[in-house]
Structures are given as structure tokens and as C-alpha cells.
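Reviewing the structure listed below.
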Amino acid sequence: GENVEQHPSTLSVQEGDSAVIKCTYSDSASNYFPWYKQELGKGPQLIIDIRSNVGEKKDQRIAVTLNKTAKHFSLHITETQPEDSAVYFCAAAIHSGSARQLTFGSGTQLTVLP
Amino acid sequence: SQTIHQWPATLVQPVGSPLSLECTVEGTSNPNLYWYRQAAGRGLQLLFYSVGIGQISSEVPQNLSASRPQDRQFILSSKKLLLSDSGFYLCAWSVQIGGLATKFANTGELFFGEGSRLTVL
């Protein structure tokens with residue numbers, strides 16, 4: 001089955017700096033890569049996703065890049081703000097319509113220091 | 001709009017006692033439903049998923065069971081809790097691919113509940 005590894009497990013940055021979280025996956029058939037943000041005491045929420053036919057996707061201050069050859073993808077947050085502090089999860093899936101969807105990484109606790 | 005409710009939010013139970021966590025979804029029909037467990041530093045582990053009433057798939061062998069008595073209701077249970085069952089449990093739903101023709105039909109997005117913190121003592 002799919003295996004997703006995520007690094008780092010914790011990340012602290014100064015407000016205004018950039019943050020990068022990296023993930024690798026094992027199944028070359030995976031074609032859907034979402035990122036979820038989990039604020040304290042809440043369930044995760046999707047913030048951005050990318051499909052294997054795209055190399056990069058941006059949404060305001062966040063961007064995701066995908067390298068299919070190397071089987072890794074990354075989340076980039078620019079101009080970080082204190083409200084970006086949360087746990088971030090990457091995930092991978094073969095989007096075939098099966099209900100058995102996502103394999104998640106182990107999460108990254110991002111702390112943005114004011 | 002679609003909403004997901006999960007309760008109780010926190011629960012402290014003695015070892016050997018039973019467990020029942022409930023989850024309901026509103027505003028959608030025939031969703032896929034999921035139970036995840038979140039352990040510190042170990043990400044989100046899928047426990048069960050369901051594509052329809054009475055249809056439950058288990059991902060990992062464990063002390064827990066799940067049931068789906070109604071289309072939008074998903075229940076996580078245990079007859080006798082173990083210390084190792086402590087954790088943060090998350091219910092989630094997604095649109096069945098090929099089902100509702102909504103903007104979510106092709107994203108595979110999971111919508112999570114607020115979670116239930118279970119402490120077994």
C-alpha cells in the first residue's frame with residue numbers, strides 16, 4: 001500500500017518568513033495530493049491540493065509543488081502569520097473513485113513566532 | 001450547506017467500559033463516511049469507512065467496531081475499552097465519486113468533524 005512520509009515534524013519560523021513542509025510517497029500510481037490544516041482542538045480542513053498532471057499550484061500565500069519523478073511534494077507558505085500556526089498534514093491517493101482514499105503523513109506542527 | 005456533527009467532544013472512561021461515539025452528516029445524501037484516529041506524532045490513521053448503510057470496511061484489526069444504521073449516521077463502538085484506545089477520534093465524510101454532481105464530486109475532499117478526545121484510565 002501507499003506510504004507517505006512527512007518532514008519536519010515540528011517547524012518554528014518568525015512571522016513574515018517562509019515555511020516549507022516536504023512529503024514523499026511510495027506508490028507511483030498516486031495522482032492526488034491534498035494538504036490539510038488542523039487548528040488546535042478542531043478537525044483538519046483542506047487548504048490546497050494538486051493533481052499529478054500539474055507541477056505547481058498557488059493560492060495566495062500558499063503553494064504546493066509536485067515532483068512525480070522523485071515522488072515528493074511540498075507545501076510552501078510565504079509571509080507567515082501567527083494564524084498559520086497549526087498542524088499540517090500531507091496526503092496521497094489514487095483517485096479512482098474508491099472510498100479508500102487518502103494516506104496521510106504524520107503531520108507537521110508549525111509555529112509562527114510573533 | 002453540508003455540516004458534520006460529532007459527539008461527545010471529550011470522554012473519560014475506565015478500562016473495560018463500553019464506548020459509543022456518534023457522528024451525523026447533514027445537507028448531503030449517500031456520503032462516504034470515515035472514522036480516523038489521531039495519535040501524537042502518528043498522523044491520521046483510518047479505522048473504518050462506509051459507502052452505504054450497513055456497509056463497513058475495517059482498515060486495521062483492533063478493539064473497536066463501527067456501524068452505519070442510517071445513511072448519514074456513523075457510530076464508533078467498543079465493548080471493552082483498553083488503555084491503548086485513548087486518542088483523538090475524527091469522523092469525516094466525502095462525496096461518493098460519480099454520485100452527487102457537486103463541485104466536490106471530483107476532488108475527493110474529506111470533511112472532518114471537530115473530533116472526540118477519548119481518555120481511557
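Ligands are numbered from 1 in the order shown, chains are lettered A, B, ... in the order of the C-alpha cells, and residues start at 1 in each chain.
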Who sits within 7 Å of B:Cys91, only C-alpha atoms, same chain under 6 positions skipped, as an MDAnalysis selection string: chainID B and resid 6 23 34:36 112:113 115
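The chain B residues that come within 9 Å of chain A are Asn32, Leu33, Ala40, Gly41, Arg42, Gly43, Leu44, Gln45, Leu46, Tyr49, Ser50, Val51, Leu90, Cys91, Ala92, Ser94, Gln96, Ile97, Gly98, Asn106, Thr107, Gly108, Glu109, Leu110, Phe111, Phe112, Gly113, Glu114 and Gly115 of chain B, with only C-alpha atoms taken into account.
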With N, CA, C and O atoms kept, could you save the residues just selected as an mmCIF file, in the first residue's frame?
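Ended up saving to again.cif:
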```cif
data_model
loop_
_atom_site.group_PDB
_atom_site.id
_atom_site.type_symbol
_atom_site.label_atom_id
_atom_site.label_comp_id
_atom_site.auth_asym_id
_atom_site.auth_seq_id
_atom_site.Cartn_x
_atom_site.Cartn_y
_atom_site.Cartn_z
ATOM 1 N N ASN B 32 -19.790 8.975 1.631
ATOM 2 C CA ASN B 32 -18.835 8.050 2.233
ATOM 3 C C ASN B 32 -18.558 8.564 3.643
ATOM 4 O O ASN B 32 -18.423 9.770 3.850
ATOM 5 N N LEU B 33 -18.481 7.665 4.599
ATOM 6 C CA LEU B 33 -18.225 8.062 5.978
ATOM 7 C C LEU B 33 -16.982 7.359 6.490
ATOM 8 O O LEU B 33 -16.683 6.221 6.093
ATOM 9 N N ALA B 40 -0.554 11.178 18.754
ATOM 10 C CA ALA B 40 0.509 12.182 18.704
ATOM 11 C C ALA B 40 1.672 11.674 17.868
ATOM 12 O O ALA B 40 2.185 10.580 18.090
ATOM 13 N N GLY B 41 2.069 12.489 16.880
ATOM 14 C CA GLY B 41 3.216 12.150 16.059
ATOM 15 C C GLY B 41 2.984 11.027 15.072
ATOM 16 O O GLY B 41 3.925 10.582 14.409
ATOM 17 N N ARG B 42 1.742 10.576 14.949
ATOM 18 C CA ARG B 42 1.494 9.437 14.051
ATOM 19 C C ARG B 42 0.452 9.740 12.995
ATOM 20 O O ARG B 42 0.004 8.867 12.304
ATOM 21 N N GLY B 43 0.073 10.979 12.902
ATOM 22 C CA GLY B 43 -0.825 11.345 11.817
ATOM 23 C C GLY B 43 -2.222 10.809 11.994
ATOM 24 O O GLY B 43 -2.678 10.541 13.099
ATOM 25 N N LEU B 44 -2.885 10.637 10.887
ATOM 26 C CA LEU B 44 -4.280 10.216 10.876
ATOM 27 C C LEU B 44 -4.358 8.779 10.375
ATOM 28 O O LEU B 44 -4.007 8.480 9.245
ATOM 29 N N GLN B 45 -4.850 7.917 11.227
ATOM 30 C CA GLN B 45 -4.969 6.508 10.882
ATOM 31 C C GLN B 45 -6.425 6.186 10.581
ATOM 32 O O GLN B 45 -7.301 6.375 11.431
ATOM 33 N N LEU B 46 -6.683 5.687 9.383
ATOM 34 C CA LEU B 46 -8.043 5.313 9.026
ATOM 35 C C LEU B 46 -8.426 4.028 9.737
ATOM 36 O O LEU B 46 -7.736 3.020 9.648
ATOM 37 N N TYR B 49 -14.316 2.732 7.148
ATOM 38 C CA TYR B 49 -15.035 3.570 6.205
ATOM 39 C C TYR B 49 -16.271 2.828 5.732
ATOM 40 O O TYR B 49 -16.357 1.605 5.817
ATOM 41 N N SER B 50 -17.229 3.624 5.230
ATOM 42 C CA SER B 50 -18.515 3.055 4.835
ATOM 43 C C SER B 50 -19.016 3.752 3.578
ATOM 44 O O SER B 50 -19.008 4.978 3.500
ATOM 45 N N VAL B 51 -19.468 2.969 2.624
ATOM 46 C CA VAL B 51 -20.012 3.529 1.394
ATOM 47 C C VAL B 51 -21.539 3.498 1.387
ATOM 48 O O VAL B 51 -22.165 4.010 0.455
ATOM 49 N N LEU B 90 -11.690 11.149 14.912
ATOM 50 C CA LEU B 90 -12.275 12.073 13.955
ATOM 51 C C LEU B 90 -13.203 11.344 13.004
ATOM 52 O O LEU B 90 -12.831 10.332 12.411
ATOM 53 N N CYS B 91 -14.397 11.872 12.864
ATOM 54 C CA CYS B 91 -15.330 11.403 11.854
ATOM 55 C C CYS B 91 -15.182 12.293 10.628
ATOM 56 O O CYS B 91 -14.885 13.493 10.760
ATOM 57 N N ALA B 92 -15.377 11.742 9.469
ATOM 58 C CA ALA B 92 -15.277 12.536 8.239
ATOM 59 C C ALA B 92 -16.246 11.988 7.195
ATOM 60 O O ALA B 92 -16.683 10.839 7.276
ATOM 61 N N SER B 94 -17.148 12.241 2.731
ATOM 62 C CA SER B 94 -16.793 12.727 1.407
ATOM 63 C C SER B 94 -17.911 12.362 0.446
ATOM 64 O O SER B 94 -18.712 11.477 0.721
ATOM 65 N N GLN B 96 -19.487 10.644 -2.658
ATOM 66 C CA GLN B 96 -19.172 9.445 -3.436
ATOM 67 C C GLN B 96 -18.882 9.837 -4.867
ATOM 68 O O GLN B 96 -19.694 10.488 -5.514
ATOM 69 N N ILE B 97 -17.726 9.487 -5.343
ATOM 70 C CA ILE B 97 -17.327 9.825 -6.698
ATOM 71 C C ILE B 97 -18.336 9.240 -7.664
ATOM 72 O O ILE B 97 -18.698 8.074 -7.572
ATOM 73 N N GLY B 98 -18.800 10.099 -8.555
ATOM 74 C CA GLY B 98 -19.787 9.623 -9.505
ATOM 75 C C GLY B 98 -21.191 9.748 -8.972
ATOM 76 O O GLY B 98 -22.156 9.429 -9.631
ATOM 77 N N ASN B 106 -15.300 15.638 -7.792
ATOM 78 C CA ASN B 106 -14.045 15.153 -8.342
ATOM 79 C C ASN B 106 -12.841 15.536 -7.505
ATOM 80 O O ASN B 106 -11.717 15.395 -7.952
ATOM 81 N N THR B 107 -13.055 16.041 -6.310
ATOM 82 C CA THR B 107 -11.900 16.464 -5.525
ATOM 83 C C THR B 107 -11.465 15.405 -4.528
ATOM 84 O O THR B 107 -10.316 15.394 -4.116
ATOM 85 N N GLY B 108 -12.365 14.554 -4.110
ATOM 86 C CA GLY B 108 -12.027 13.598 -3.073
ATOM 87 C C GLY B 108 -11.840 14.242 -1.724
ATOM 88 O O GLY B 108 -11.275 13.616 -0.824
ATOM 89 N N GLU B 109 -12.304 15.484 -1.553
ATOM 90 C CA GLU B 109 -12.079 16.184 -0.299
ATOM 91 C C GLU B 109 -12.788 15.492 0.852
ATOM 92 O O GLU B 109 -13.929 15.059 0.740
ATOM 93 N N LEU B 110 -12.090 15.400 1.977
ATOM 94 C CA LEU B 110 -12.656 14.905 3.216
ATOM 95 C C LEU B 110 -13.081 16.082 4.070
ATOM 96 O O LEU B 110 -12.346 17.058 4.199
ATOM 97 N N PHE B 111 -14.264 15.975 4.671
ATOM 98 C CA PHE B 111 -14.762 16.997 5.583
ATOM 99 C C PHE B 111 -14.808 16.372 6.968
ATOM 100 O O PHE B 111 -15.568 15.429 7.198
ATOM 101 N N PHE B 112 -14.017 16.933 7.862
ATOM 102 C CA PHE B 112 -13.872 16.348 9.188
ATOM 103 C C PHE B 112 -14.794 17.004 10.199
ATOM 104 O O PHE B 112 -15.094 18.202 10.118
ATOM 105 N N GLY B 113 -15.181 16.202 11.193
ATOM 106 C CA GLY B 113 -15.846 16.749 12.356
ATOM 107 C C GLY B 113 -14.837 17.371 13.292
ATOM 108 O O GLY B 113 -13.638 17.418 13.014
ATOM 109 N N GLU B 114 -15.334 17.849 14.429
ATOM 110 C CA GLU B 114 -14.473 18.550 15.380
ATOM 111 C C GLU B 114 -13.633 17.596 16.225
ATOM 112 O O GLU B 114 -12.716 18.026 16.908
ATOM 113 N N GLY B 115 -13.953 16.329 16.195
ATOM 114 C CA GLY B 115 -13.163 15.352 16.926
ATOM 115 C C GLY B 115 -13.686 15.049 18.317
ATOM 116 O O GLY B 115 -14.408 15.854 18.923
#
```
Quick one: distance from atom CA of A:Leu75 to atom CA of A:Tyr25 in Å, one decimal? 14.2 Å
I'd like to know which residues of stretch 27-119 of chain B are strand (DSSP E) (by DSSP, run on the backbone); could you write them as a ChimeraX atom specification? /B:32-38,44-52,55-58,65-70,73-78,87-94,111-112,116-119
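The spacing separating atom CA of A:His76 from atom CA of A:Glu5 amounts to 16.7 Å.
Atom to atom, atom CA of A:Asp17 and atom CA of A:Ala63 stand 14.5 Å apart.
In terms of minimum interatomic distance to A:Ser28, A:Thr69 ranks closest within A:Thr78, A:Glu56, A:Val13, A:Thr69, counting only C-alpha atoms.
Comparing B:Thr3, B:Leu47, B:Leu11, B:Thr119 by their smallest distance to B:Asp85, the closest is B:Thr119 (using only C-alpha atoms).
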